[in-house]
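> Here you go, one structure.
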Amino acid sequence: MNTPRFEAQAPLDCLVIGGGLLGSAVAYYLAKAGATVRLVERSQLNSAASSQNAGSLHFQLEYRMIENGIAAANKAAEAMPLHLDAQNAWAGLETELGMPVGVVQHGGLMVAETPQQLAVLERKIALEQANGLDVEMLDAAQVQRRAPYLSEQILGAAFCAQEGKADPRRCVLAYAASAARLGARIDSGLGVVALNYESGAWRVQFSDGSECQASTLAITAGAWSGRVAAMAGISLPVSPVALTMTTTMRTQPLITHLIQHAGRRLSLKQTGDGQILIGGGWPARLHHHQGVHDLERRPELLMPSLTGNMSAALAVVPELKRVSILRVWTGTTALVADQLPLLGEVPKSRGLFIATGGSAFTLGPTYARLLAERILGQPATLDITPFDPRRFGSLTLA
Ligand SMILES: Cc1cc2nc3c(=O)[nH]c(=O)nc-3n(C[C@H](O)[C@H](O)[C@H](O)COP(=O)(O)OP(=O)(O)OC[C@H]3O[C@@H](n4cnc5c(N)ncnc54)[C@H](O)[C@@H]3O)c2cc1C
């Protein structure tokens, strides 16, 4: 019989489950505060959404947040304090970690091609300014002066000077290396398969048959977060969402800003090595197996998403017609039923914490620092009550 190997040691202060941006950053902030922390990743570090994303640092409300009217935009704006915090978190991240992660904050433009989109932008700017974001409206001439690579059809744009990009290939590894330097134990190729609360601590079983004990757990498992929570008997309204990304061949410096669109799904930026990354929320199709989403397979690419994304990109930056596509890929992220982040302690669960949902690359360093504060019982540097899992308390009956 295979008896589980149990490591008879004092319980860890925290076991962090999932080695994407959130997990590695939570492990870092916990280790920095002196906690005993272990991060486990069932595959390789940075092998899921945190490496597949667009690397956009967007602090304006995204198109998906404004496309469904003012009530939905107002709801999304509840997360604006996190956006404001994240602007500074990214600006200081390379100093904090002592290594480059490709942060460039040269500003972002959300463009409008029609009078209706301009009106949407005006309402959006008013809402954002009321929530403290430094954002301004540029007319067509100002847009051309600031970003001459944009189409002359652009009627105006919302400009936010703090927006930009970071390199998704570097951020997770930089956080994980810094956490390890501060004493965190990091295991990849080790999945959590069972969670049980016994005698005042979580008893965790791993895919290799070993076990450990931890006073608290941090679920940072992205699209798998609901499945990990279910191991503890908790139901959470976290859904996987499949998205599409495209990158071009390297080309000469062309695009200096983060570009988004007020009426179409589009995000555009040029990386430091000259490739142009094009995304913006175009769907891909999740596979299914026996009636449930199969999160082990890359989502299926949908051709209408690719052509729709390229046609939006060409309309905004006509020069792109001279640049060849190098690669197209799909990835899976996690969204919460009300589109807001899920950040804090799960009710009725005794030390089970979660961070997921929302724009968790842009807001990742902020989510992670705030979750670490909660886990450590430190005073909150920002009110995260609106994102508390308690709002779904009726679902967590464990
Ligand atoms: C195509 C695409 C584009 C995107 N663009 C942007 C963008 O421009 N800006 C933005 O803010 N956000 C963007 N996002 C979303 C962003 O990438 C994610 O919100 C963020 O990376 C989530 O990080 P994470 O650490 O929560 O999850 P992930 O990076 O998915 O990491 C979760 C990890 O948990 C591990 N895991 C799962 N189950 C277990 C288990 N049982 N035991 C141990 N480990 C486990 C997984 O293997 C995985 O490595 C995009 C997402 C996609 C897919």
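Scheme for the structure tokens: letters A, B, ... for chains in order shown; per-chain residue numbers from 1; ligand numbers from 1 in order shown.
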Could I get the residues of chain A with an atom no further than 6 Å from an atom of ligand 1, each paired with its nearest atom pair and that distance in Å to one decimal, using only C-alpha atoms and all ligand atoms, sorted by chain and residue number, as a tab-separated table?

```
residue	atom	partner	partner_atom_place_in_ligand_line	distance
A:Ile17	CA	ligand 1	43 (C)	4.9
A:Gly18	CA	ligand 1	34 (O)	3.2
A:Gly19	CA	ligand 1	33 (C)	4.8
A:Gly20	CA	ligand 1	25 (O)	3.4
A:Leu21	CA	ligand 1	25 (O)	4.0
A:Leu22	CA	ligand 1	25 (O)	3.9
A:Gly23	CA	ligand 1	25 (O)	5.4
A:Val40	CA	ligand 1	43 (C)	5.3
A:Glu41	CA	ligand 1	44 (N)	3.8
A:Arg42	CA	ligand 1	43 (C)	4.1
A:Ser43	CA	ligand 1	47 (O)	5.0
A:Leu45	CA	ligand 1	49 (O)	5.9
A:Asn46	CA	ligand 1	49 (O)	5.6
A:Ser47	CA	ligand 1	49 (O)	5.1
A:Ala48	CA	ligand 1	30 (O)	4.3
A:Ala49	CA	ligand 1	30 (O)	3.9
A:Ser50	CA	ligand 1	21 (O)	3.2
A:Gln52	CA	ligand 1	1 (C)	5.3
A:Asn53	CA	ligand 1	3 (C)	3.3
A:Ala54	CA	ligand 1	8 (O)	4.0
A:Gly55	CA	ligand 1	8 (O)	4.7
A:Ser56	CA	ligand 1	8 (O)	3.8
A:Gly191	CA	ligand 1	42 (N)	3.5
A:Val192	CA	ligand 1	42 (N)	4.0
A:Val193	CA	ligand 1	41 (N)	5.8
A:Thr220	CA	ligand 1	26 (O)	5.1
A:Ala221	CA	ligand 1	34 (O)	3.4
A:Gly222	CA	ligand 1	27 (O)	3.5
A:Ala223	CA	ligand 1	30 (O)	5.9
A:Trp224	CA	ligand 1	37 (C)	4.9
A:Val228	CA	ligand 1	41 (N)	5.7
A:Leu243	CA	ligand 1	1 (C)	4.6
A:Thr244	CA	ligand 1	1 (C)	5.0
A:Met245	CA	ligand 1	1 (C)	5.3
A:Thr330	CA	ligand 1	1 (C)	5.7
A:Gly331	CA	ligand 1	53 (C)	3.8
A:Thr332	CA	ligand 1	53 (C)	4.2
A:Thr333	CA	ligand 1	53 (C)	4.6
A:Thr356	CA	ligand 1	26 (O)	5.2
A:Ser359	CA	ligand 1	11 (O)	3.6
A:Ala360	CA	ligand 1	19 (O)	3.5
A:Phe361	CA	ligand 1	11 (O)	3.5
A:Thr362	CA	ligand 1	11 (O)	3.7
```
> At a cut-off of 8 Å, using only C-alpha atoms, what residues contact range 98-113 of chain A? Leave out same-chain residues fewer than 6 positions from it and give the result as a PyMOL selection string.
chain A and resi 58+90-91+121+153-168+170-171+174+256-263+272
> Can you tell me which residues surround Gly183 in chain A at a distance of at most 10 Å, considering only C-alpha atoms, apart from same-chain residues fewer than 2 positions away, and format the answer as a list in words?
Ala27, Tyr28, Ala31, Lys32, Gly34, Ala35, Thr36, Val37, Arg38, Ala177, Ser178, Ala179, Ala180, Arg181, Arg185 and Ile186 of chain A
> If you count only C-alpha atoms, which residues fall within 9 Å of Leu150 in chain A, apart from same-chain ones fewer than 3 positions away, as an mmCIF file with N, CA and C atoms, in the first residue's frame?

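The resulting result_6.cif:
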```
data_model
loop_
_atom_site.group_PDB
_atom_site.id
_atom_site.type_symbol
_atom_site.label_atom_id
_atom_site.label_comp_id
_atom_site.auth_asym_id
_atom_site.auth_seq_id
_atom_site.Cartn_x
_atom_site.Cartn_y
_atom_site.Cartn_z
ATOM 1 N N VAL A 143 -3.866 63.714 -30.725
ATOM 2 C CA VAL A 143 -3.533 62.287 -30.871
ATOM 3 C C VAL A 143 -2.433 62.133 -31.921
ATOM 4 N N GLN A 144 -2.590 62.823 -33.054
ATOM 5 C CA GLN A 144 -1.601 62.697 -34.141
ATOM 6 C C GLN A 144 -0.232 63.204 -33.706
ATOM 7 N N ALA A 147 1.009 60.503 -31.114
ATOM 8 C CA ALA A 147 1.167 59.126 -31.630
ATOM 9 C C ALA A 147 0.936 59.136 -33.146
ATOM 10 N N GLN A 153 -7.955 58.454 -38.994
ATOM 11 C CA GLN A 153 -9.404 58.299 -38.740
ATOM 12 C C GLN A 153 -9.729 58.382 -37.244
ATOM 13 N N ILE A 154 -8.694 58.345 -36.401
ATOM 14 C CA ILE A 154 -8.964 58.393 -34.951
ATOM 15 C C ILE A 154 -9.455 59.798 -34.588
ATOM 16 N N ILE A 255 5.517 51.669 -32.305
ATOM 17 C CA ILE A 255 4.426 51.968 -31.358
ATOM 18 C C ILE A 255 5.036 52.215 -29.983
ATOM 19 N N ALA A 315 -7.043 48.905 -38.578
ATOM 20 C CA ALA A 315 -7.798 50.164 -38.641
ATOM 21 C C ALA A 315 -7.134 51.238 -37.792
ATOM 22 N N VAL A 316 -6.483 50.825 -36.732
ATOM 23 C CA VAL A 316 -5.917 51.793 -35.786
ATOM 24 C C VAL A 316 -4.460 52.125 -36.127
ATOM 25 N N VAL A 317 -3.701 51.108 -36.560
ATOM 26 C CA VAL A 317 -2.282 51.335 -36.947
ATOM 27 C C VAL A 317 -2.098 50.798 -38.374
ATOM 28 N N PRO A 318 -2.363 51.618 -39.402
ATOM 29 C CA PRO A 318 -2.330 51.125 -40.788
ATOM 30 C C PRO A 318 -0.976 50.528 -41.183
ATOM 31 N N GLU A 319 0.127 51.012 -40.581
ATOM 32 C CA GLU A 319 1.471 50.504 -40.907
ATOM 33 C C GLU A 319 1.603 49.002 -40.657
#
```
> Env of Met65 in chain A: 12 Å cut, atoms = only C-alpha atoms, seq-sep filter 3 positions within chain, self excluded. Answer as a PyMOL selection string.
chain A and resi 59-62+68-80+120+124+261-265+281+338-340+358-359
> Dump C-alpha atoms for the selected residues as a PDB file, in the first residue's frame?

```pdb
ATOM      1  CA  PHE A  59      -5.197  51.516 -15.526  1.00  0.00           C
ATOM      2  CA  GLN A  60      -8.098  52.972 -17.517  1.00  0.00           C
ATOM      3  CA  LEU A  61     -11.289  50.906 -17.509  1.00  0.00           C
ATOM      4  CA  GLU A  62     -10.988  48.295 -20.256  1.00  0.00           C
ATOM      5  CA  ASN A  68     -22.254  47.104 -21.257  1.00  0.00           C
ATOM      6  CA  GLY A  69     -23.363  50.557 -20.193  1.00  0.00           C
ATOM      7  CA  ILE A  70     -22.858  52.900 -17.293  1.00  0.00           C
ATOM      8  CA  ALA A  71     -24.067  50.590 -14.504  1.00  0.00           C
ATOM      9  CA  ALA A  72     -21.472  47.960 -15.451  1.00  0.00           C
ATOM     10  CA  ALA A  73     -18.790  50.647 -15.783  1.00  0.00           C
ATOM     11  CA  ASN A  74     -19.686  52.003 -12.337  1.00  0.00           C
ATOM     12  CA  LYS A  75     -19.322  48.479 -10.919  1.00  0.00           C
ATOM     13  CA  ALA A  76     -15.923  48.019 -12.573  1.00  0.00           C
ATOM     14  CA  ALA A  77     -14.803  51.407 -11.237  1.00  0.00           C
ATOM     15  CA  GLU A  78     -15.112  50.008  -7.699  1.00  0.00           C
ATOM     16  CA  ALA A  79     -11.700  48.456  -8.379  1.00  0.00           C
ATOM     17  CA  MET A  80     -10.132  51.844  -9.238  1.00  0.00           C
ATOM     18  CA  VAL A 120     -18.347  56.732 -24.381  1.00  0.00           C
ATOM     19  CA  LYS A 124     -15.546  56.957 -18.994  1.00  0.00           C
ATOM     20  CA  HIS A 261     -10.005  50.940 -28.179  1.00  0.00           C
ATOM     21  CA  ALA A 262     -13.276  52.397 -26.853  1.00  0.00           C
ATOM     22  CA  GLY A 263     -15.512  50.456 -29.246  1.00  0.00           C
ATOM     23  CA  ARG A 264     -13.644  47.332 -30.299  1.00  0.00           C
ATOM     24  CA  ARG A 265     -11.667  44.597 -28.619  1.00  0.00           C
ATOM     25  CA  GLY A 281     -10.139  40.070 -25.244  1.00  0.00           C
ATOM     26  CA  ASP A 338     -19.497  39.995 -10.922  1.00  0.00           C
ATOM     27  CA  GLN A 339     -16.231  40.768 -12.834  1.00  0.00           C
ATOM     28  CA  LEU A 340     -14.582  42.193  -9.708  1.00  0.00           C
ATOM     29  CA  GLY A 358     -10.159  40.707 -12.806  1.00  0.00           C
ATOM     30  CA  SER A 359      -7.105  42.142 -14.538  1.00  0.00           C
TER      31      SER A 359
END
```
> Please compute the CA of Val204 in chain A-CA of Gly233 in chain A distance, one decimal, in Å.
13.6 Å
> Within 6 Å of range 237-240 of chain A, counting only C-alpha atoms, which residues show up once you throw out same-chain ones fewer than 3 positions away? Write them as a PDB file with N, CA and C atoms, in the first residue's frame, please.

```
ATOM      1  N   ALA A 223      -7.266  29.940 -13.362  1.00  0.00           N
ATOM      2  CA  ALA A 223      -8.495  29.310 -13.859  1.00  0.00           C
ATOM      3  C   ALA A 223      -8.860  28.050 -13.076  1.00  0.00           C
ATOM      4  N   GLY A 226     -11.269  27.602  -8.667  1.00  0.00           N
ATOM      5  CA  GLY A 226     -12.526  26.992  -8.211  1.00  0.00           C
ATOM      6  C   GLY A 226     -12.323  25.524  -7.873  1.00  0.00           C
ATOM      7  N   THR A 333      -7.840  32.416 -18.689  1.00  0.00           N
ATOM      8  CA  THR A 333      -7.764  33.209 -17.469  1.00  0.00           C
ATOM      9  C   THR A 333      -9.026  32.959 -16.627  1.00  0.00           C
ATOM     10  N   ALA A 334      -9.100  33.620 -15.482  1.00  0.00           N
ATOM     11  CA  ALA A 334     -10.228  33.390 -14.569  1.00  0.00           C
ATOM     12  C   ALA A 334     -11.009  34.689 -14.384  1.00  0.00           C
ATOM     13  N   LEU A 335     -12.321  34.592 -14.498  1.00  0.00           N
ATOM     14  CA  LEU A 335     -13.156  35.757 -14.172  1.00  0.00           C
ATOM     15  C   LEU A 335     -14.179  35.367 -13.116  1.00  0.00           C
ATOM     16  N   VAL A 336     -14.512  36.321 -12.270  1.00  0.00           N
ATOM     17  CA  VAL A 336     -15.475  36.103 -11.186  1.00  0.00           C
ATOM     18  C   VAL A 336     -16.836  36.585 -11.680  1.00  0.00           C
ATOM     19  N   ALA A 337     -17.911  35.990 -11.164  1.00  0.00           N
ATOM     20  CA  ALA A 337     -19.257  36.249 -11.675  1.00  0.00           C
ATOM     21  C   ALA A 337     -19.569  37.743 -11.800  1.00  0.00           C
TER      22      ALA A 337
END
```
> If you measure from CA of Pro148 in chain A to CA of Leu266 in chain A, what distance in Å do you get, rounded to one decimal?
18.3 Å
> Looking only at the backbone, which of the residues in range 19-135 of chain A does DSSP tag as alpha helix (DSSP H), as a PyMOL selection string?
chain A and resi 21-32+49-52+63-66+70-76+80-91+93-97+115-130
> Report the distance between CA of Val16 in chain A and CA of Pro386 in chain A in Å, rounded to one decimal place.
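Those two atoms sit 22.9 Å apart.
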> Looking only at strand (DSSP E) from DSSP on the backbone, list the matching residues of range 129-369 of chain A as a ChimeraX atom specification.
/A:136-139,156-160,164-165,185-188,192-198,201-206,210-219,238-248,258-261,267-270,276-279,287-289,292-294,325-336,342-345,352-356
